[in-house]
>>> print(open('upload_25.pdb').read())   # PDB, C-alpha atoms and all ligand atoms
ATOM      1  CA  MET B   1      15.945 -10.361  28.546  1.00  0.00           C
ATOM      2  CA  SER B   2      19.627  -9.862  27.809  1.00  0.00           C
ATOM      3  CA  SER B   3      21.002  -8.241  24.674  1.00  0.00           C
ATOM      4  CA  LEU B   4      22.660 -11.605  23.945  1.00  0.00           C
ATOM      5  CA  SER B   5      19.366 -13.504  23.810  1.00  0.00           C
ATOM      6  CA  PHE B   6      17.865 -10.737  21.641  1.00  0.00           C
ATOM      7  CA  PHE B   7      20.854 -11.055  19.319  1.00  0.00           C
ATOM      8  CA  LEU B   8      20.335 -14.842  19.181  1.00  0.00           C
ATOM      9  CA  ALA B   9      16.669 -14.319  18.283  1.00  0.00           C
ATOM     10  CA  TRP B  10      17.805 -11.962  15.487  1.00  0.00           C
ATOM     11  CA  PHE B  11      20.386 -14.520  14.335  1.00  0.00           C
ATOM     12  CA  ALA B  12      17.650 -17.196  14.095  1.00  0.00           C
ATOM     13  CA  ALA B  13      15.218 -14.950  12.152  1.00  0.00           C
ATOM     14  CA  PRO B  14      16.862 -11.667  11.056  1.00  0.00           C
ATOM     15  CA  ALA B  15      14.037 -10.367   8.842  1.00  0.00           C
ATOM     16  CA  GLN B  16      11.425 -11.124  11.519  1.00  0.00           C
ATOM     17  CA  VAL B  17      13.289  -9.595  14.480  1.00  0.00           C
ATOM     18  CA  GLY B  18      14.609  -6.719  12.376  1.00  0.00           C
ATOM     19  CA  ALA B  19      17.235  -5.360  14.821  1.00  0.00           C
ATOM     20  CA  VAL B  20      20.358  -6.757  16.456  1.00  0.00           C
ATOM     21  CA  MET B  21      19.678  -5.120  19.826  1.00  0.00           C
ATOM     22  CA  PRO B  22      16.539  -4.285  21.826  1.00  0.00           C
ATOM     23  CA  SER B  23      15.239  -0.717  21.527  1.00  0.00           C
ATOM     24  CA  SER B  24      16.899   1.731  23.929  1.00  0.00           C
ATOM     25  CA  GLU B  25      15.008   3.500  26.711  1.00  0.00           C
ATOM     26  CA  ALA B  26      15.548   6.733  24.737  1.00  0.00           C
ATOM     27  CA  LEU B  27      13.753   5.280  21.717  1.00  0.00           C
ATOM     28  CA  ALA B  28      11.000   3.900  23.962  1.00  0.00           C
ATOM     29  CA  ASP B  29      10.545   7.401  25.399  1.00  0.00           C
ATOM     30  CA  ALA B  30      10.494   8.952  21.912  1.00  0.00           C
ATOM     31  CA  ILE B  31       7.888   6.603  20.442  1.00  0.00           C
ATOM     32  CA  THR B  32       5.599   6.990  23.473  1.00  0.00           C
ATOM     33  CA  ALA B  33       6.049  10.780  23.783  1.00  0.00           C
ATOM     34  CA  GLU B  34       2.427  11.535  22.814  1.00  0.00           C
ATOM     35  CA  ILE B  35       0.885   8.689  24.844  1.00  0.00           C
ATOM     36  CA  SER B  36      -1.160   9.486  27.965  1.00  0.00           C
ATOM     37  CA  PRO B  37      -3.760   7.639  30.038  1.00  0.00           C
ATOM     38  CA  ALA B  38      -6.358   9.048  27.593  1.00  0.00           C
ATOM     39  CA  SER B  39      -4.760   6.987  24.781  1.00  0.00           C
ATOM     40  CA  ALA B  40      -6.010   3.722  26.332  1.00  0.00           C
ATOM     41  CA  PRO B  41      -6.669   1.133  25.140  1.00  0.00           C
ATOM     42  CA  VAL B  42      -3.361   0.852  23.281  1.00  0.00           C
ATOM     43  CA  ILE B  43      -2.123  -1.844  20.895  1.00  0.00           C
ATOM     44  CA  GLU B  44       1.603  -2.531  20.636  1.00  0.00           C
ATOM     45  CA  LEU B  45       2.869  -4.399  17.562  1.00  0.00           C
ATOM     46  CA  GLY B  46       6.190  -6.257  17.800  1.00  0.00           C
ATOM     47  CA  PRO B  47       6.874  -5.528  21.485  1.00  0.00           C
ATOM     48  CA  GLY B  48       9.834  -7.925  21.520  1.00  0.00           C
ATOM     49  CA  THR B  49      11.493  -7.702  24.922  1.00  0.00           C
ATOM     50  CA  GLY B  50       8.982  -5.161  26.281  1.00  0.00           C
ATOM     51  CA  VAL B  51      11.150  -2.047  26.436  1.00  0.00           C
ATOM     52  CA  VAL B  52       8.455   0.081  24.771  1.00  0.00           C
ATOM     53  CA  THR B  53       5.746  -1.702  26.809  1.00  0.00           C
ATOM     54  CA  GLY B  54       7.468  -0.502  29.972  1.00  0.00           C
ATOM     55  CA  ALA B  55       7.427   3.065  28.633  1.00  0.00           C
ATOM     56  CA  LEU B  56       3.692   2.789  27.826  1.00  0.00           C
ATOM     57  CA  LEU B  57       3.048   1.830  31.449  1.00  0.00           C
ATOM     58  CA  ARG B  58       5.140   4.776  32.665  1.00  0.00           C
ATOM     59  CA  ARG B  59       2.985   7.061  30.459  1.00  0.00           C
ATOM     60  CA  GLY B  60       0.007   5.899  32.515  1.00  0.00           C
ATOM     61  CA  VAL B  61      -1.614   3.304  30.259  1.00  0.00           C
ATOM     62  CA  PRO B  62      -3.015   0.607  32.576  1.00  0.00           C
ATOM     63  CA  GLU B  63      -1.474  -2.809  31.909  1.00  0.00           C
ATOM     64  CA  GLU B  64      -4.880  -4.446  31.363  1.00  0.00           C
ATOM     65  CA  ARG B  65      -5.618  -1.838  28.651  1.00  0.00           C
ATOM     66  CA  LEU B  66      -2.651  -3.019  26.569  1.00  0.00           C
ATOM     67  CA  ALA B  67      -2.726  -5.583  23.750  1.00  0.00           C
ATOM     68  CA  LEU B  68       0.751  -6.902  22.881  1.00  0.00           C
ATOM     69  CA  VAL B  69       0.934  -8.538  19.440  1.00  0.00           C
ATOM     70  CA  GLU B  70       4.164 -10.509  19.065  1.00  0.00           C
ATOM     71  CA  LEU B  71       5.011 -13.140  16.424  1.00  0.00           C
ATOM     72  CA  THR B  72       8.125 -14.651  18.043  1.00  0.00           C
ATOM     73  CA  ALA B  73       6.927 -17.266  20.559  1.00  0.00           C
ATOM     74  CA  LYS B  74       9.935 -16.858  22.868  1.00  0.00           C
ATOM     75  CA  PHE B  75       9.287 -13.111  23.197  1.00  0.00           C
ATOM     76  CA  ALA B  76       5.531 -13.655  23.663  1.00  0.00           C
ATOM     77  CA  ARG B  77       6.112 -16.083  26.566  1.00  0.00           C
ATOM     78  CA  ARG B  78       8.411 -13.609  28.298  1.00  0.00           C
ATOM     79  CA  LEU B  79       5.920 -10.771  27.785  1.00  0.00           C
ATOM     80  CA  GLU B  80       3.192 -12.875  29.423  1.00  0.00           C
ATOM     81  CA  ALA B  81       5.430 -13.446  32.437  1.00  0.00           C
ATOM     82  CA  ARG B  82       6.506  -9.799  32.704  1.00  0.00           C
ATOM     83  CA  PHE B  83       3.112  -8.167  31.998  1.00  0.00           C
ATOM     84  CA  PRO B  84       0.552 -10.664  33.367  1.00  0.00           C
ATOM     85  CA  ALA B  85      -2.414  -8.266  33.125  1.00  0.00           C
ATOM     86  CA  ALA B  86      -1.775  -7.318  29.479  1.00  0.00           C
ATOM     87  CA  HIS B  87      -3.421  -9.166  26.567  1.00  0.00           C
ATOM     88  CA  VAL B  88      -0.510 -10.954  24.870  1.00  0.00           C
ATOM     89  CA  LEU B  89      -1.327 -12.287  21.406  1.00  0.00           C
ATOM     90  CA  ASN B  90       1.313 -14.587  19.930  1.00  0.00           C
ATOM     91  CA  MET B  91       0.334 -13.977  16.310  1.00  0.00           C
ATOM     92  CA  ASP B  92       1.135 -12.220  13.054  1.00  0.00           C
ATOM     93  CA  ALA B  93       0.125  -8.553  13.169  1.00  0.00           C
ATOM     94  CA  THR B  94      -0.981  -8.766   9.518  1.00  0.00           C
ATOM     95  CA  ARG B  95      -3.953 -10.872  10.708  1.00  0.00           C
ATOM     96  CA  LEU B  96      -5.065  -8.628  13.557  1.00  0.00           C
ATOM     97  CA  ARG B  97      -8.119  -7.370  11.690  1.00  0.00           C
ATOM     98  CA  ASP B  98      -9.931 -10.660  12.378  1.00  0.00           C
ATOM     99  CA  VAL B  99      -9.374 -10.496  16.152  1.00  0.00           C
ATOM    100  CA  GLU B 100     -11.710  -8.740  18.593  1.00  0.00           C
ATOM    101  CA  LEU B 101      -9.802  -6.586  21.075  1.00  0.00           C
ATOM    102  CA  PHE B 102     -11.001  -4.775  24.213  1.00  0.00           C
ATOM    103  CA  ALA B 103     -14.602  -5.996  23.662  1.00  0.00           C
ATOM    104  CA  GLY B 104     -14.795  -3.918  20.489  1.00  0.00           C
ATOM    105  CA  GLN B 105     -13.694  -0.627  22.059  1.00  0.00           C
ATOM    106  CA  PRO B 106     -11.497   1.291  19.597  1.00  0.00           C
ATOM    107  CA  ALA B 107      -7.850   1.910  20.490  1.00  0.00           C
ATOM    108  CA  GLY B 108      -6.483   5.418  20.941  1.00  0.00           C
ATOM    109  CA  ALA B 109      -3.046   4.448  19.668  1.00  0.00           C
ATOM    110  CA  VAL B 110      -1.081   1.700  17.981  1.00  0.00           C
ATOM    111  CA  VAL B 111       2.641   1.695  18.779  1.00  0.00           C
ATOM    112  CA  SER B 112       4.707  -0.382  16.385  1.00  0.00           C
ATOM    113  CA  GLY B 113       8.236  -1.754  16.507  1.00  0.00           C
ATOM    114  CA  LEU B 114       7.582  -3.994  13.501  1.00  0.00           C
ATOM    115  CA  PRO B 115      10.379  -4.126  10.921  1.00  0.00           C
ATOM    116  CA  LEU B 116       8.038  -2.681   8.276  1.00  0.00           C
ATOM    117  CA  VAL B 117      10.826  -1.752   5.857  1.00  0.00           C
ATOM    118  CA  LEU B 118      11.851  -5.429   5.674  1.00  0.00           C
ATOM    119  CA  MET B 119       8.307  -6.688   5.115  1.00  0.00           C
ATOM    120  CA  PRO B 120       6.628  -7.315   1.744  1.00  0.00           C
ATOM    121  CA  LEU B 121       4.387  -4.439   0.664  1.00  0.00           C
ATOM    122  CA  TRP B 122       1.219  -6.540   0.961  1.00  0.00           C
ATOM    123  CA  ASP B 123       2.116  -7.299   4.598  1.00  0.00           C
ATOM    124  CA  VAL B 124       2.687  -3.591   5.305  1.00  0.00           C
ATOM    125  CA  LEU B 125      -0.717  -2.912   3.753  1.00  0.00           C
ATOM    126  CA  ALA B 126      -2.333  -5.634   5.906  1.00  0.00           C
ATOM    127  CA  VAL B 127      -0.679  -4.299   9.091  1.00  0.00           C
ATOM    128  CA  LEU B 128      -1.980  -0.783   8.440  1.00  0.00           C
ATOM    129  CA  GLN B 129      -5.464  -1.956   7.443  1.00  0.00           C
ATOM    130  CA  SER B 130      -5.631  -4.047  10.624  1.00  0.00           C
ATOM    131  CA  ALA B 131      -4.327  -1.237  12.815  1.00  0.00           C
ATOM    132  CA  PHE B 132      -6.724   1.382  11.434  1.00  0.00           C
ATOM    133  CA  HIS B 133      -9.594  -1.125  11.703  1.00  0.00           C
ATOM    134  CA  HIS B 134      -8.973  -1.122  15.489  1.00  0.00           C
ATOM    135  CA  LEU B 135      -8.114   2.584  15.871  1.00  0.00           C
ATOM    136  CA  ALA B 136     -10.612   5.278  16.845  1.00  0.00           C
ATOM    137  CA  PRO B 137     -11.285   7.892  14.095  1.00  0.00           C
ATOM    138  CA  ASP B 138      -8.699  10.251  15.629  1.00  0.00           C
ATOM    139  CA  GLY B 139      -6.367   7.427  16.710  1.00  0.00           C
ATOM    140  CA  CYS B 140      -2.658   7.506  15.874  1.00  0.00           C
ATOM    141  CA  PHE B 141      -0.240   4.844  14.636  1.00  0.00           C
ATOM    142  CA  TYR B 142       3.344   5.359  15.839  1.00  0.00           C
ATOM    143  CA  GLN B 143       6.252   3.650  14.090  1.00  0.00           C
ATOM    144  CA  PHE B 144       9.989   3.899  14.503  1.00  0.00           C
ATOM    145  CA  THR B 145      12.383   3.430  11.646  1.00  0.00           C
ATOM    146  CA  TYR B 146      16.141   3.237  11.145  1.00  0.00           C
ATOM    147  CA  ARG B 147      16.001   4.712   7.638  1.00  0.00           C
ATOM    148  CA  PHE B 148      15.758   8.263   6.362  1.00  0.00           C
ATOM    149  CA  GLY B 149      12.231   9.170   5.379  1.00  0.00           C
ATOM    150  CA  PRO B 150       8.868   7.689   6.297  1.00  0.00           C
ATOM    151  CA  PRO B 151       8.792   3.950   7.134  1.00  0.00           C
ATOM    152  CA  ILE B 152       5.780   3.428   4.866  1.00  0.00           C
ATOM    153  CA  PRO B 153       5.890   3.824   1.064  1.00  0.00           C
ATOM    154  CA  ARG B 154       3.992   6.825  -0.272  1.00  0.00           C
ATOM    155  CA  SER B 155       1.935   4.531  -2.528  1.00  0.00           C
ATOM    156  CA  ILE B 156       0.509   2.739   0.531  1.00  0.00           C
ATOM    157  CA  LEU B 157      -0.123   5.983   2.427  1.00  0.00           C
ATOM    158  CA  ALA B 158      -2.008   7.337  -0.610  1.00  0.00           C
ATOM    159  CA  ARG B 159      -3.986   4.129  -1.102  1.00  0.00           C
ATOM    160  CA  LEU B 160      -5.175   4.131   2.530  1.00  0.00           C
ATOM    161  CA  ASP B 161      -5.590   7.935   2.643  1.00  0.00           C
ATOM    162  CA  LEU B 162      -3.039   8.292   5.453  1.00  0.00           C
ATOM    163  CA  GLU B 163      -0.355  10.846   6.197  1.00  0.00           C
ATOM    164  CA  ALA B 164       2.950  10.368   8.038  1.00  0.00           C
ATOM    165  CA  VAL B 165       4.767  13.045  10.041  1.00  0.00           C
ATOM    166  CA  ARG B 166       8.141  12.704  11.758  1.00  0.00           C
ATOM    167  CA  ILE B 167       7.653  13.588  15.432  1.00  0.00           C
ATOM    168  CA  GLY B 168      11.046  12.778  16.913  1.00  0.00           C
ATOM    169  CA  GLY B 169      13.961  10.458  17.075  1.00  0.00           C
ATOM    170  CA  THR B 170      17.111   9.604  18.952  1.00  0.00           C
ATOM    171  CA  PHE B 171      20.796   8.918  18.363  1.00  0.00           C
ATOM    172  CA  ALA B 172      20.847   6.990  21.645  1.00  0.00           C
ATOM    173  CA  ASN B 173      19.843   3.740  19.965  1.00  0.00           C
ATOM    174  CA  VAL B 174      21.651   1.156  17.847  1.00  0.00           C
ATOM    175  CA  PRO B 175      21.093   2.161  15.105  1.00  0.00           C
ATOM    176  CA  PRO B 176      19.778   5.754  15.523  1.00  0.00           C
ATOM    177  CA  ALA B 177      16.048   5.913  14.856  1.00  0.00           C
ATOM    178  CA  SER B 178      13.251   8.290  13.871  1.00  0.00           C
ATOM    179  CA  VAL B 179       9.643   8.167  15.078  1.00  0.00           C
ATOM    180  CA  TYR B 180       6.672   8.813  12.792  1.00  0.00           C
ATOM    181  CA  ARG B 181       3.005   9.477  13.564  1.00  0.00           C
ATOM    182  CA  ILE B 182       0.615   8.124  10.924  1.00  0.00           C
ATOM    183  CA  VAL B 183      -2.996   9.321  10.908  1.00  0.00           C
ATOM    184  CA  ARG B 184      -6.016   9.363   8.626  1.00  0.00           C
ATOM    185  CA  ARG B 185      -5.916  12.310   6.236  1.00  0.00           C
ATOM    186  CA  ARG B 186      -8.534  14.888   7.259  1.00  0.00           C
TER     187      ARG B 186
HETATM  188  C1  LIG B 201      12.817  -4.445  15.895  1.00  0.00           C
HETATM  189  S1  LIG B 201      12.104  -5.668  16.945  1.00  0.00           S
HETATM  190  C2  LIG B 201      11.323  -4.660  18.154  1.00  0.00           C
HETATM  191  C3  LIG B 201      12.102  -4.675  19.384  1.00  0.00           C
HETATM  192  C4  LIG B 201      11.412  -4.169  20.605  1.00  0.00           C
HETATM  193  N1  LIG B 201      11.071  -2.759  20.518  1.00  0.00           N
HETATM  194  C5  LIG B 201      12.385  -4.430  21.748  1.00  0.00           C
HETATM  195  O1  LIG B 201      13.055  -3.525  22.181  1.00  0.00           O
HETATM  196  O2  LIG B 201      12.521  -5.572  22.142  1.00  0.00           O
HETATM  197  C6  LIG B 201      10.711  -6.215  15.991  1.00  0.00           C
HETATM  198  C7  LIG B 201       9.739  -7.127  16.730  1.00  0.00           C
HETATM  199  O3  LIG B 201       8.625  -7.379  15.871  1.00  0.00           O
HETATM  200  C8  LIG B 201       8.282  -8.762  15.944  1.00  0.00           C
HETATM  201  N2  LIG B 201       7.589  -9.089  14.692  1.00  0.00           N
HETATM  202  C9  LIG B 201       8.123  -9.159  13.443  1.00  0.00           C
HETATM  203  N3  LIG B 201       7.179  -9.427  12.518  1.00  0.00           N
HETATM  204  C10 LIG B 201       6.007  -9.497  13.209  1.00  0.00           C
HETATM  205  C11 LIG B 201       4.650  -9.711  12.820  1.00  0.00           C
HETATM  206  N4  LIG B 201       4.332  -9.926  11.521  1.00  0.00           N
HETATM  207  N5  LIG B 201       3.698  -9.707  13.769  1.00  0.00           N
HETATM  208  C12 LIG B 201       4.015  -9.488  15.092  1.00  0.00           C
HETATM  209  N6  LIG B 201       5.290  -9.288  15.516  1.00  0.00           N
HETATM  210  C13 LIG B 201       6.266  -9.277  14.597  1.00  0.00           C
HETATM  211  C14 LIG B 201       9.622  -9.453  16.134  1.00  0.00           C
HETATM  212  O4  LIG B 201       9.476 -10.744  16.674  1.00  0.00           O
HETATM  213  C15 LIG B 201      10.319  -8.492  17.088  1.00  0.00           C
HETATM  214  O5  LIG B 201      10.011  -8.771  18.413  1.00  0.00           O
END
>>> encode(input="upload_25.pdb", output="structure tokens")
Amino acid sequence: MSSLSFFLAWFAAPAQVGAVMPSSEALADAITAEISPASAPVIELGPGTGVVTGALLRRGVPEERLALVELTAKFARRLEARFPAAHVLNMDATRLRDVELFAGQPAGAVVSGLPLVLMPLWDVLAVLQSAFHHLAPDGCFYQFTYRFGPPIPRSILARLDLEAVRIGGTFANVPPASVYRIVRRR
């Protein structure tokens, strides 16, 4: 998908798409840095054009062990065509808790490109509750953000007993971005 069509998708729904350009390969590498074949199955939230999906495959996650949860129908259709073995769900990630994935097998990682900082707090809460419902006890939630500081308010982290740690970032993205790992507090 071209940067122009991504921009047009942003123009049609800026708060939903959350960025004017697709993620760069550098950001895709940064957010998947800790992913390995052992992370499978993996859930990706807001895969958009599939830049991060491509990086997940390069990290060794088999395509059929990927669930791609994308709200924008145009992006979801293109993901189905590009990654035919992946499980593409054209739905709102806040409702993922009600969906069975991978025959009930817990995911090792959730990788999110959702524009969490633009979402209402109750939606952020629902996204995290859904994600951790599907994650294994030691599973990790990865999120990139364009802002300084964690992408999730401290009140929500405390309420769900989670902790967020910055694990990387890149200036080679428009705009520059940081990557956070969010895990259950031990
Ligand atoms: C910042 S873009 C991610 C871009 C992606 N990394 C790429 O390079 O194409 C955010 C994505 O999240 C999707 N999205 C936004 N809200 C969503 C929701 N509630 N559930 C699922 N996907 C959502 C948007 O449609 C968009 O594809």
>>> atom_distance(input="upload_25.pdb", atom1="CA of Ala172 (chain B)", atom2="CA of Gln143 (chain B)")
16.8 Å
>>> residues_around(input="upload_25.pdb", residues="Leu121 (chain B)", least_positions_apart="6", cutoff="12 Å", atoms="all atoms listed in the file", output="tab-separated table (two decimals) with C-alpha atoms, keeping the file's coordinate frame")
chain	number	residue	atom	x	y	z
B	94	THR	CA	-0.98	-8.77	9.52
B	115	PRO	CA	10.38	-4.13	10.92
B	127	VAL	CA	-0.68	-4.30	9.09
B	128	LEU	CA	-1.98	-0.78	8.44
B	151	PRO	CA	8.79	3.95	7.13
B	152	ILE	CA	5.78	3.43	4.87
B	153	PRO	CA	5.89	3.82	1.06
B	154	ARG	CA	3.99	6.82	-0.27
B	155	SER	CA	1.94	4.53	-2.53
B	156	ILE	CA	0.51	2.74	0.53
B	157	LEU	CA	-0.12	5.98	2.43
>>> axis_aligned_box(input="upload_25.pdb", around="region 59-69 of chain B", padding_each_side="4 Å", output="AutoDock Vina command-line options")
--center_x -1.3 --center_y -0.7 --center_z 26.0 --size_x 16.6 --size_y 23.6 --size_z 21.1
>>> closest_residue(input="upload_25.pdb", among="B:Arg186, B:Arg78, B:Arg58, B:Arg159", to="ligand LIG 201 (chain B)", atoms="only C-alpha atoms and all ligand atoms")
B:Arg78
>>> closest_residue(input="upload_25.pdb", among="B:Tyr146, B:Phe132, B:Phe102, B:Phe83", to="ligand LIG 201 (chain B)", atoms="all atoms listed in the file")
B:Tyr146
>>> closest_residue(input="upload_25.pdb", among="B:Leu118, B:Val183, B:Val111, B:Val51", to="ligand LIG 201 (chain B)", atoms="all atoms listed in the file")
B:Val51
>>> atom_distance(input="upload_25.pdb", atom1="CA of Gln129 (chain B)", atom2="CA of Thr32 (chain B)")
21.4 Å
>>> closest_atom_pairs(input="upload_25.pdb", of="chain B", to="ligand LIG 201 (chain B)", cutoff="6 Å", atoms="all atoms listed in the file", output="CSV")
residue,atom,partner,partner_atom,distance
B:Gln16,CA,B:LIG201,C9,4.3
B:Val17,CA,B:LIG201,C14,4.0
B:Gly18,CA,B:LIG201,C1,4.6
B:Ala19,CA,B:LIG201,C1,4.6
B:Pro22,CA,B:LIG201,O1,3.6
B:Ser23,CA,B:LIG201,O1,3.6
B:Leu45,CA,B:LIG201,C12,5.8
B:Gly46,CA,B:LIG201,O3,3.3
B:Pro47,CA,B:LIG201,C4,4.8
B:Gly48,CA,B:LIG201,O5,3.2
B:Thr49,CA,B:LIG201,O2,3.6
B:Gly50,CA,B:LIG201,O2,5.5
B:Val51,CA,B:LIG201,O1,4.9
B:Val52,CA,B:LIG201,N1,5.7
B:Val69,CA,B:LIG201,C12,5.4
B:Glu70,CA,B:LIG201,N6,3.9
B:Leu71,CA,B:LIG201,N6,4.0
B:Thr72,CA,B:LIG201,O4,4.4
B:Met91,CA,B:LIG201,C12,5.9
B:Asp92,CA,B:LIG201,N5,3.7
B:Ala93,CA,B:LIG201,N5,3.8
B:Thr94,CA,B:LIG201,N4,5.8
B:Gly113,CA,B:LIG201,C2,4.5
B:Leu114,CA,B:LIG201,O3,4.3
B:Pro115,CA,B:LIG201,C6,5.5
>>> write_last_selection(input="upload_25.pdb", atoms="C-alpha atoms", output="tab-separated table (two decimals), in the coordinates of the input")
chain	number	residue	atom	x	y	z
B	16	GLN	CA	11.42	-11.12	11.52
B	17	VAL	CA	13.29	-9.60	14.48
B	18	GLY	CA	14.61	-6.72	12.38
B	19	ALA	CA	17.24	-5.36	14.82
B	22	PRO	CA	16.54	-4.28	21.83
B	23	SER	CA	15.24	-0.72	21.53
B	45	LEU	CA	2.87	-4.40	17.56
B	46	GLY	CA	6.19	-6.26	17.80
B	47	PRO	CA	6.87	-5.53	21.48
B	48	GLY	CA	9.83	-7.92	21.52
B	49	THR	CA	11.49	-7.70	24.92
B	50	GLY	CA	8.98	-5.16	26.28
B	51	VAL	CA	11.15	-2.05	26.44
B	52	VAL	CA	8.46	0.08	24.77
B	69	VAL	CA	0.93	-8.54	19.44
B	70	GLU	CA	4.16	-10.51	19.07
B	71	LEU	CA	5.01	-13.14	16.42
B	72	THR	CA	8.12	-14.65	18.04
B	91	MET	CA	0.33	-13.98	16.31
B	92	ASP	CA	1.14	-12.22	13.05
B	93	ALA	CA	0.12	-8.55	13.17
B	94	THR	CA	-0.98	-8.77	9.52
B	113	GLY	CA	8.24	-1.75	16.51
B	114	LEU	CA	7.58	-3.99	13.50
B	115	PRO	CA	10.38	-4.13	10.92
>>> closest_residue(input="upload_25.pdb", among="B:Ser39, B:Ser130, B:Asn90, B:Ser24", to="Val174 (chain B)", atoms="only C-alpha atoms")
B:Ser24
>>> closest_residue(input="upload_25.pdb", among="B:Val117, B:Leu135, B:Leu56, B:Ile182", to="Ala15 (chain B)", atoms="all atoms listed in the file")
B:Val117
>>> resolve_selection(input="upload_25.pdb", expression="the PyMOL selection byres (((chain B and resi 55) around 10) and not hetatm)", output="NGL selection string")
:B and (25-33 or 35 or 50-54 or 56-61)
>>> residues_around(input="upload_25.pdb", residues="region 165-167 of chain B", least_positions_apart="6", cutoff="7 Å", atoms="only C-alpha atoms", output="number ranges by chain")
B: 179-182
>>> residues_near_point(input="upload_25.pdb", point="(-6.0, 1.1, 29.1)", cutoff="6 Å", atoms="all atoms listed in the file", output="VMD selection string")
chain B and resid 40 to 41 61 to 62 65 to 66
>>> write_last_selection(input="upload_25.pdb", atoms="C-alpha atoms", output="JSON list (two decimals), keeping the file's coordinate frame")
[["chain", "number", "residue", "atom", "x", "y", "z"],
["B", 40, "ALA", "CA", -6.01, 3.72, 26.33],
["B", 41, "PRO", "CA", -6.67, 1.13, 25.14],
["B", 61, "VAL", "CA", -1.61, 3.30, 30.26],
["B", 62, "PRO", "CA", -3.02, 0.61, 32.58],
["B", 65, "ARG", "CA", -5.62, -1.84, 28.65],
["B", 66, "LEU", "CA", -2.65, -3.02, 26.57]]
>>> closest_residue(input="upload_25.pdb", among="B:Phe148, B:Phe141, B:Trp122, B:Phe171", to="Ile43 (chain B)", atoms="all atoms listed in the file")
B:Phe141
>>> atom_distance(input="upload_25.pdb", atom1="CA of Leu160 (chain B)", atom2="CA of Val42 (chain B)")
21.1 Å
>>> resolve_selection(input="upload_25.pdb", expression="the PyMOL selection byres (((chain B and resi 136) around 7) and not hetatm)", output="number ranges by chain")
B: 106-108, 134-135, 137-139
>>> resolve_selection(input="upload_25.pdb", expression="the PyMOL selection byres (((chain B and resi 178) around 6) and not hetatm)", output="VMD selection string")
chain B and resid 144 to 145 168 to 169 177 179
>>> write_last_selection(input="upload_25.pdb", atoms="C-alpha atoms", output="PDB file, in the coordinates of the input")
ATOM      1  CA  PHE B 144       9.989   3.899  14.503  1.00  0.00           C
ATOM      2  CA  THR B 145      12.383   3.430  11.646  1.00  0.00           C
ATOM      3  CA  GLY B 168      11.046  12.778  16.913  1.00  0.00           C
ATOM      4  CA  GLY B 169      13.961  10.458  17.075  1.00  0.00           C
ATOM      5  CA  ALA B 177      16.048   5.913  14.856  1.00  0.00           C
ATOM      6  CA  VAL B 179       9.643   8.167  15.078  1.00  0.00           C
TER       7      VAL B 179
END
>>> build_atoms(input="upload_25.pdb", residues="region 83-95 of chain B", atoms="N, CA and C atoms", output="compact mmCIF listing (two decimals), keeping the file's coordinate frame")
# COMPACT_ATOMS: atom_id res chain seq x y z
N PHE B 83 4.30 -9.05 31.97
CA PHE B 83 3.11 -8.17 32.00
C PHE B 83 1.85 -9.04 32.09
N PRO B 84 1.62 -9.66 33.26
CA PRO B 84 0.55 -10.66 33.37
C PRO B 84 -0.85 -10.11 33.13
N ALA B 85 -1.06 -8.82 33.32
CA ALA B 85 -2.41 -8.27 33.12
C ALA B 85 -2.67 -7.83 31.68
N ALA B 86 -1.60 -7.74 30.88
CA ALA B 86 -1.78 -7.32 29.48
C ALA B 86 -2.31 -8.48 28.64
N HIS B 87 -2.91 -8.14 27.49
CA HIS B 87 -3.42 -9.17 26.57
C HIS B 87 -2.30 -9.47 25.57
N VAL B 88 -1.61 -10.59 25.77
CA VAL B 88 -0.51 -10.95 24.87
C VAL B 88 -1.07 -11.87 23.79
N LEU B 89 -0.88 -11.46 22.54
CA LEU B 89 -1.33 -12.29 21.41
C LEU B 89 -0.09 -12.74 20.64
N ASN B 90 0.17 -14.05 20.66
CA ASN B 90 1.31 -14.59 19.93
C ASN B 90 0.83 -14.88 18.50
N MET B 91 0.90 -13.85 17.66
CA MET B 91 0.33 -13.98 16.31
C MET B 91 0.98 -12.96 15.37
N ASP B 92 0.65 -13.11 14.10
CA ASP B 92 1.14 -12.22 13.05
C ASP B 92 0.25 -10.96 13.02
N ALA B 93 0.88 -9.81 13.14
CA ALA B 93 0.12 -8.55 13.17
C ALA B 93 -0.63 -8.29 11.87
N THR B 94 -0.25 -8.97 10.78
CA THR B 94 -0.98 -8.77 9.52
C THR B 94 -2.40 -9.34 9.60
N ARG B 95 -2.65 -10.21 10.61
CA ARG B 95 -3.95 -10.87 10.71
C ARG B 95 -4.81 -10.30 11.84
